[in-house]
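**Q** Below is the file run16.cif, which contains mmCIF, C-alpha atoms and all ligand atoms.
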data_query
#
loop_
_atom_site.label_atom_id
_atom_site.label_comp_id
_atom_site.auth_asym_id
_atom_site.auth_seq_id
_atom_site.Cartn_x
_atom_site.Cartn_y
_atom_site.Cartn_z
CA MET A 1 82.51 102.10 95.21
CA SER A 2 85.51 104.32 94.67
CA HIS A 3 85.46 107.78 93.21
CA PRO A 4 87.78 108.30 90.21
CA ALA A 5 90.32 111.00 90.89
CA GLY A 6 89.43 114.35 89.41
CA VAL A 7 85.83 113.48 88.59
CA VAL A 8 83.19 115.74 90.07
CA ALA A 9 79.44 115.93 89.53
CA ALA A 10 78.45 116.08 85.85
CA CYS A 11 76.95 119.55 85.88
CA GLY A 12 78.86 121.45 83.24
CA CYS A 13 80.89 123.65 85.57
CA PRO A 14 84.41 124.00 84.16
CA GLY A 15 87.35 122.73 86.20
CA SER A 16 88.36 126.31 86.80
CA ALA A 17 85.07 127.13 88.56
CA SER A 18 85.23 127.59 92.29
CA SER A 19 83.13 129.00 95.07
CA VAL A 20 83.02 128.75 98.85
CA LEU A 21 79.93 127.34 100.56
CA GLY A 22 79.75 126.83 104.31
CA GLY A 23 83.51 127.27 104.50
CA VAL A 24 84.19 124.60 101.87
CA HIS A 25 85.81 125.41 98.54
CA VAL A 26 83.99 123.56 95.73
CA ARG A 27 84.70 123.34 92.02
CA HIS A 28 81.36 124.76 90.96
CA HIS A 29 79.84 128.12 90.21
CA PRO A 30 78.00 129.53 93.24
CA ARG A 31 74.53 128.92 91.78
CA CYS A 32 75.21 125.40 90.52
CA LEU A 33 72.78 122.88 92.02
CA HIS A 34 75.69 120.49 92.66
CA SER A 35 77.68 123.03 94.65
CA GLU A 36 76.36 121.99 98.09
CA PRO A 37 79.33 120.56 100.03
CA ARG A 38 79.07 116.83 100.70
CA ARG A 39 78.27 115.46 104.16
CA TYR A 40 80.70 112.87 105.46
CA VAL A 41 81.26 110.35 108.18
CA TRP A 42 84.76 109.86 109.49
CA SER A 43 86.29 107.92 112.32
CA TYR A 44 88.81 109.18 114.82
CA ALA A 45 90.08 107.26 117.83
CA GLY A 46 87.09 104.93 117.71
CA THR A 47 84.47 107.67 117.50
CA LEU A 48 82.37 108.44 114.42
CA TYR A 49 81.91 112.06 113.39
CA THR A 50 79.63 113.56 110.76
CA GLY A 51 79.78 116.86 108.94
CA SER A 52 81.09 118.75 105.97
CA LEU A 53 84.76 119.11 105.10
CA ALA A 54 84.68 122.40 107.05
CA ASP A 55 83.51 120.46 110.13
CA HIS A 56 86.30 117.97 109.55
CA GLY A 57 88.69 120.91 109.42
CA GLU A 58 87.43 122.17 112.79
CA HIS A 59 87.92 118.71 114.25
CA PHE A 60 91.41 118.55 112.74
CA GLU A 61 92.23 121.95 114.23
CA SER A 62 91.14 120.76 117.68
CA LEU A 63 93.62 117.85 117.66
CA ASP A 64 96.94 118.12 119.47
CA PRO A 65 99.97 118.79 117.24
CA ASP A 66 101.14 115.15 117.21
CA ALA A 67 97.73 113.91 116.14
CA ARG A 68 97.51 116.60 113.46
CA HIS A 69 100.90 115.50 112.20
CA ARG A 70 99.74 111.89 111.97
CA VAL A 71 96.64 112.85 109.99
CA THR A 72 98.73 115.07 107.72
CA ALA A 73 101.22 112.28 107.06
CA ALA A 74 98.78 109.39 106.71
CA GLY A 75 95.76 111.17 105.23
CA ASP A 76 92.25 110.31 106.31
CA GLU A 77 89.17 108.70 104.86
CA LEU A 78 85.85 110.51 104.57
CA ARG A 79 82.76 108.53 103.63
CA THR A 80 79.39 109.46 102.29
CA TRP A 81 76.48 107.02 102.20
CA THR A 82 77.70 105.48 98.94
CA GLU A 83 81.28 106.57 98.41
CA HIS A 84 84.55 107.15 100.14
CA TYR A 85 87.09 109.87 99.61
CA ARG A 86 90.76 110.03 100.45
CA LEU A 87 91.77 113.19 102.30
CA HIS A 88 95.08 114.73 101.27
CA ALA A 89 96.66 117.27 103.57
CA THR A 90 99.37 119.70 102.51
CA THR A 91 101.11 122.25 104.66
CA THR A 92 102.73 125.58 103.93
CA LYS A 93 104.76 127.37 106.59
CA THR A 94 103.97 131.07 106.74
CA GLY A 95 107.14 132.08 108.61
CA ASP A 96 105.37 133.51 111.66
CA HIS A 97 104.81 130.26 113.60
CA ARG A 98 101.68 129.57 111.64
CA VAL A 99 101.04 126.80 109.16
CA LEU A 100 98.52 126.91 106.35
CA TYR A 101 96.88 123.49 106.11
CA ARG A 102 95.02 122.57 102.96
CA LEU A 103 92.74 119.56 103.42
CA ALA A 104 91.46 118.30 100.09
CA VAL A 105 89.23 115.56 98.73
CA THR A 106 88.02 115.21 95.15
CA GLY A 107 86.30 118.46 94.20
CA GLU A 108 86.43 120.07 97.66
CA TRP A 109 89.00 121.61 99.96
CA VAL A 110 89.34 123.74 103.09
CA GLU A 111 92.20 125.90 104.24
CA LEU A 112 93.15 126.38 107.90
CA LEU A 113 95.72 128.74 109.31
CA ILE A 114 96.93 127.21 112.57
CA ASP A 115 99.25 128.81 115.10
CA THR A 116 101.86 126.15 115.88
CA SER A 117 103.69 128.13 118.57
CA ARG A 118 101.13 127.24 121.27
ZN ZN B 1 78.58 122.58 89.05
#
Represent the structure from my file as structure tokens, please.

**A**
Amino acid sequence: MSHPAGVVAACGCPGSASSVLGGVHVRHHPRCLHSEPRRYVWSYAGTLYTGSLADHGEHFESLDPDARHRVTAAGDELRTWTEHYRLHATTTKTGDHRVLYRLAVTGEWVELLIDTSR
């Protein structure tokens, strides 16, 4: 079952709502009952991992630069029990050897500032 782009839980929070829970940006007001970040399973190099998008971000940050580049270019797939989500990565160079990575799925995103000079 695919998740239509741009559709989030039907809770009445406007599209402009946002809050940060457990390191994950969500498009809900902080007290919305739907604001809990989703838990995912993803696969990397034959191993299955579970966690929130923030945990995925930590895993992404632990990869070597080439592997990070591959994930950034190809995207990734995060699955819940019933649905799957396409991860989109965008990068912004900060000018001081650091890159701001934004890892986003429908309704959630994390931002990571990674030093690329090491
Ligand atoms: Zn909401």

**Q** If you count only C-alpha atoms, which residues fall within 9 Å of segment 19-22 of chain A, apart from same-chain ones fewer than 5 positions away, as a compact mmCIF listing (two decimals) with C-alpha atoms, in the coordinates of the input?

**A**
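In the end it all went to selection17.txt:
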# COMPACT_ATOMS: atom_id res chain seq x y z
CA ARG A 27 84.70 123.34 92.02
CA HIS A 28 81.36 124.76 90.96
CA HIS A 29 79.84 128.12 90.21
CA PRO A 30 78.00 129.53 93.24
CA SER A 35 77.68 123.03 94.65
CA GLU A 36 76.36 121.99 98.09
CA PRO A 37 79.33 120.56 100.03
CA SER A 52 81.09 118.75 105.97
CA ALA A 54 84.68 122.40 107.05

**Q** Hey, which residues sit close to ligand ZN 1 (chain B)? Say within 12 Å, counting all atoms listed in the file, and write them as a count of residues only.

**A** 27

**Q** Suppose you want the space between atom CA of Tyr101 of chain A and atom CA of Ala89 of chain A; what is it in Å?

**A** 6.7 Å

**Q** Give me the residues near His97 of chain A as an NGL selection string, where near means some atom within 8 Å (using all atoms listed in the file) and where sequence neighbours in that chain fewer than 6 positions away do not count.

**A** :A and (115-117)

**Q** With C-alpha atoms retained, could you export that selection as a short mmCIF file (atom, residue, chain, number, x, y, z; two decimals), in the coordinates of the input?

**A**
data_model
loop_
_atom_site.label_atom_id
_atom_site.label_comp_id
_atom_site.auth_asym_id
_atom_site.auth_seq_id
_atom_site.Cartn_x
_atom_site.Cartn_y
_atom_site.Cartn_z
CA ASP A 115 99.25 128.81 115.10
CA THR A 116 101.86 126.15 115.88
CA SER A 117 103.69 128.13 118.57
#

**Q** Between A:Ser62, A:Thr50, A:Ser43, A:Thr72, which has the minimum distance to Thr90 of chain A (counting all atoms listed in the file)?

**A**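 Using all atoms listed in the file, the shortest distance to Thr90 of chain A belongs to A:Thr72.
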
**Q** Pick from A:Trp42, A:Glu111, A:Tyr85, A:Val99: nearest to Pro65 of chain A, with only C-alpha atoms counted?

**A**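 Ranked by minimum distance to Pro65 of chain A, first place goes to A:Val99.
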
**Q** Counting all atoms listed in the file, figure out which residue out of A:Ala73, A:Leu48, A:Leu53, A:Leu63 gets nearest to Trp109 of chain A.

**A** A:Leu53

**Q** Between A:Val24, A:Ala45, A:Leu113, A:Ala104, which has the minimum distance to Gly75 of chain A (counting all atoms listed in the file)?

**A**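 Using all atoms listed in the file, the shortest distance to Gly75 of chain A belongs to A:Ala104.
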
**Q** If we count all atoms listed in the file and set the cut-off at 9 Å, which residues sit around Tyr40 of chain A, ignoring sequence neighbours fewer than 4 positions away in its own chain? Please answer as a list in words.

**A**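 That gives Tyr49, Thr50, Gly51, Ser52, Leu53, His56, Leu78, Arg79, Thr80, Trp81 and His84 of chain A.
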
**Q** By how many Å are atom CA of Tyr44 of chain A and atom CA of Val105 of chain A apart?

**A** 17.3 Å

**Q** Please, what distance in Å, to one decimal, runs between atom CA of Ala67 of chain A and atom CA of Arg39 of chain A?

**A**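 That distance, rounded to one decimal, is 22.9 Å.
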
**Q** Pick the closest to Arg102 of chain A from A:Ala74, A:Glu83, A:His88, A:Gly46: which is it, counting all atoms listed in the file?

**A**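 The closest residue to Arg102 of chain A is A:His88.
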
**Q** Box for segment 75-84 of chain A - axis-aligned, 6 Å on each of the six sides, all listed atoms - centre and size in Å to one decimal, as lines of an AutoDock Vina configuration file.

**A**
center_x = 86.1
center_y = 108.3
center_z = 102.4
size_x = 31.3
size_y = 17.7
size_z = 19.9

**Q** Will you give me segment 22-58 of chain A, written with N, CA and C atoms and laid out as a tab-separated table (two decimals), in the first residue's frame?

**A**
chain	number	residue	atom	x	y	z
A	22	GLY	N	11.41	13.95	19.54
A	22	GLY	CA	12.47	12.94	19.47
A	22	GLY	C	13.44	13.21	18.33
A	23	GLY	N	13.64	14.50	18.02
A	23	GLY	CA	14.58	14.85	16.96
A	23	GLY	C	13.98	14.82	15.57
A	24	VAL	N	12.70	14.50	15.46
A	24	VAL	CA	12.04	14.43	14.15
A	24	VAL	C	11.08	15.61	14.00
A	25	HIS	N	11.21	16.32	12.90
A	25	HIS	CA	10.25	17.37	12.57
A	25	HIS	C	8.98	16.72	12.02
A	26	VAL	N	7.83	17.07	12.58
A	26	VAL	CA	6.55	16.54	12.10
A	26	VAL	C	5.61	17.69	11.79
A	27	ARG	N	4.68	17.44	10.87
A	27	ARG	CA	3.74	18.49	10.48
A	27	ARG	C	2.49	18.44	11.34
A	28	HIS	N	2.69	18.58	12.65
A	28	HIS	CA	1.58	18.59	13.59
A	28	HIS	C	1.89	19.59	14.69
A	29	HIS	N	0.85	20.02	15.38
A	29	HIS	CA	1.06	20.80	16.58
A	29	HIS	C	1.62	19.88	17.67
A	30	PRO	N	2.39	20.43	18.61
A	30	PRO	CA	3.05	19.57	19.60
A	30	PRO	C	2.10	18.66	20.37
A	31	ARG	N	0.87	19.10	20.63
A	31	ARG	CA	-0.02	18.28	21.46
A	31	ARG	C	-0.96	17.41	20.65
A	32	CYS	N	-0.79	17.40	19.32
A	32	CYS	CA	-1.63	16.55	18.48
A	32	CYS	C	-1.33	15.08	18.78
A	33	LEU	N	-2.39	14.26	18.84
A	33	LEU	CA	-2.20	12.84	19.15
A	33	LEU	C	-1.52	12.08	18.01
A	34	HIS	N	-1.48	12.70	16.82
A	34	HIS	CA	-0.84	12.04	15.67
A	34	HIS	C	0.61	12.47	15.51
A	35	SER	N	1.12	13.24	16.46
A	35	SER	CA	2.43	13.85	16.24
A	35	SER	C	3.59	12.92	16.55
A	36	GLU	N	3.33	11.77	17.16
A	36	GLU	CA	4.40	10.82	17.47
A	36	GLU	C	5.09	10.39	16.18
A	37	PRO	N	6.42	10.54	16.09
A	37	PRO	CA	7.11	10.12	14.87
A	37	PRO	C	6.91	8.63	14.60
A	38	ARG	N	6.80	8.27	13.33
A	38	ARG	CA	6.61	6.87	12.96
A	38	ARG	C	7.87	6.05	13.25
A	39	ARG	N	7.66	4.76	13.47
A	39	ARG	CA	8.76	3.81	13.61
A	39	ARG	C	8.89	3.06	12.29
A	40	TYR	N	10.15	2.88	11.85
A	40	TYR	CA	10.39	2.30	10.54
A	40	TYR	C	11.30	1.09	10.63
A	41	VAL	N	11.27	0.34	9.55
A	41	VAL	CA	12.29	-0.66	9.28
A	41	VAL	C	12.97	-0.24	7.98
A	42	TRP	N	14.29	-0.32	7.95
A	42	TRP	CA	14.98	-0.11	6.69
A	42	TRP	C	16.12	-1.10	6.58
A	43	SER	N	16.57	-1.28	5.36
A	43	SER	CA	17.60	-2.26	5.08
A	43	SER	C	18.84	-1.56	4.58
A	44	TYR	N	19.98	-1.96	5.12
A	44	TYR	CA	21.24	-1.41	4.59
A	44	TYR	C	22.28	-2.51	4.57
A	45	ALA	N	22.83	-2.75	3.41
A	45	ALA	CA	23.89	-3.76	3.23
A	45	ALA	C	23.48	-5.10	3.83
A	46	GLY	N	22.21	-5.46	3.60
A	46	GLY	CA	21.74	-6.78	4.02
A	46	GLY	C	21.30	-6.88	5.46
A	47	THR	N	21.39	-5.78	6.21
A	47	THR	CA	20.98	-5.79	7.61
A	47	THR	C	19.73	-4.94	7.76
A	48	LEU	N	18.78	-5.41	8.60
A	48	LEU	CA	17.58	-4.64	8.87
A	48	LEU	C	17.77	-3.79	10.12
A	49	TYR	N	17.33	-2.56	10.03
A	49	TYR	CA	17.40	-1.62	11.16
A	49	TYR	C	15.99	-1.16	11.48
A	50	THR	N	15.75	-0.82	12.75
A	50	THR	CA	14.46	-0.23	13.12
A	50	THR	C	14.70	1.06	13.88
A	51	GLY	N	13.75	1.97	13.79
A	51	GLY	CA	13.85	3.21	14.55
A	51	GLY	C	13.06	4.31	13.88
A	52	SER	N	13.16	5.48	14.50
A	52	SER	CA	12.49	6.65	13.96
A	52	SER	C	13.35	7.25	12.85
A	53	LEU	N	12.85	8.30	12.23
A	53	LEU	CA	13.64	8.98	11.21
A	53	LEU	C	14.91	9.57	11.82
A	54	ALA	N	14.85	9.96	13.09
A	54	ALA	CA	16.06	10.47	13.76
A	54	ALA	C	17.10	9.35	13.90
A	55	ASP	N	16.64	8.13	14.17
A	55	ASP	CA	17.57	7.00	14.25
A	55	ASP	C	18.16	6.70	12.87
A	56	HIS	N	17.31	6.81	11.84
A	56	HIS	CA	17.82	6.64	10.48
A	56	HIS	C	18.89	7.69	10.19
A	57	GLY	N	18.65	8.92	10.66
A	57	GLY	CA	19.62	9.98	10.45
A	57	GLY	C	20.95	9.67	11.12
A	58	GLU	N	20.90	9.10	12.33
A	58	GLU	CA	22.13	8.73	13.02
A	58	GLU	C	22.88	7.65	12.25
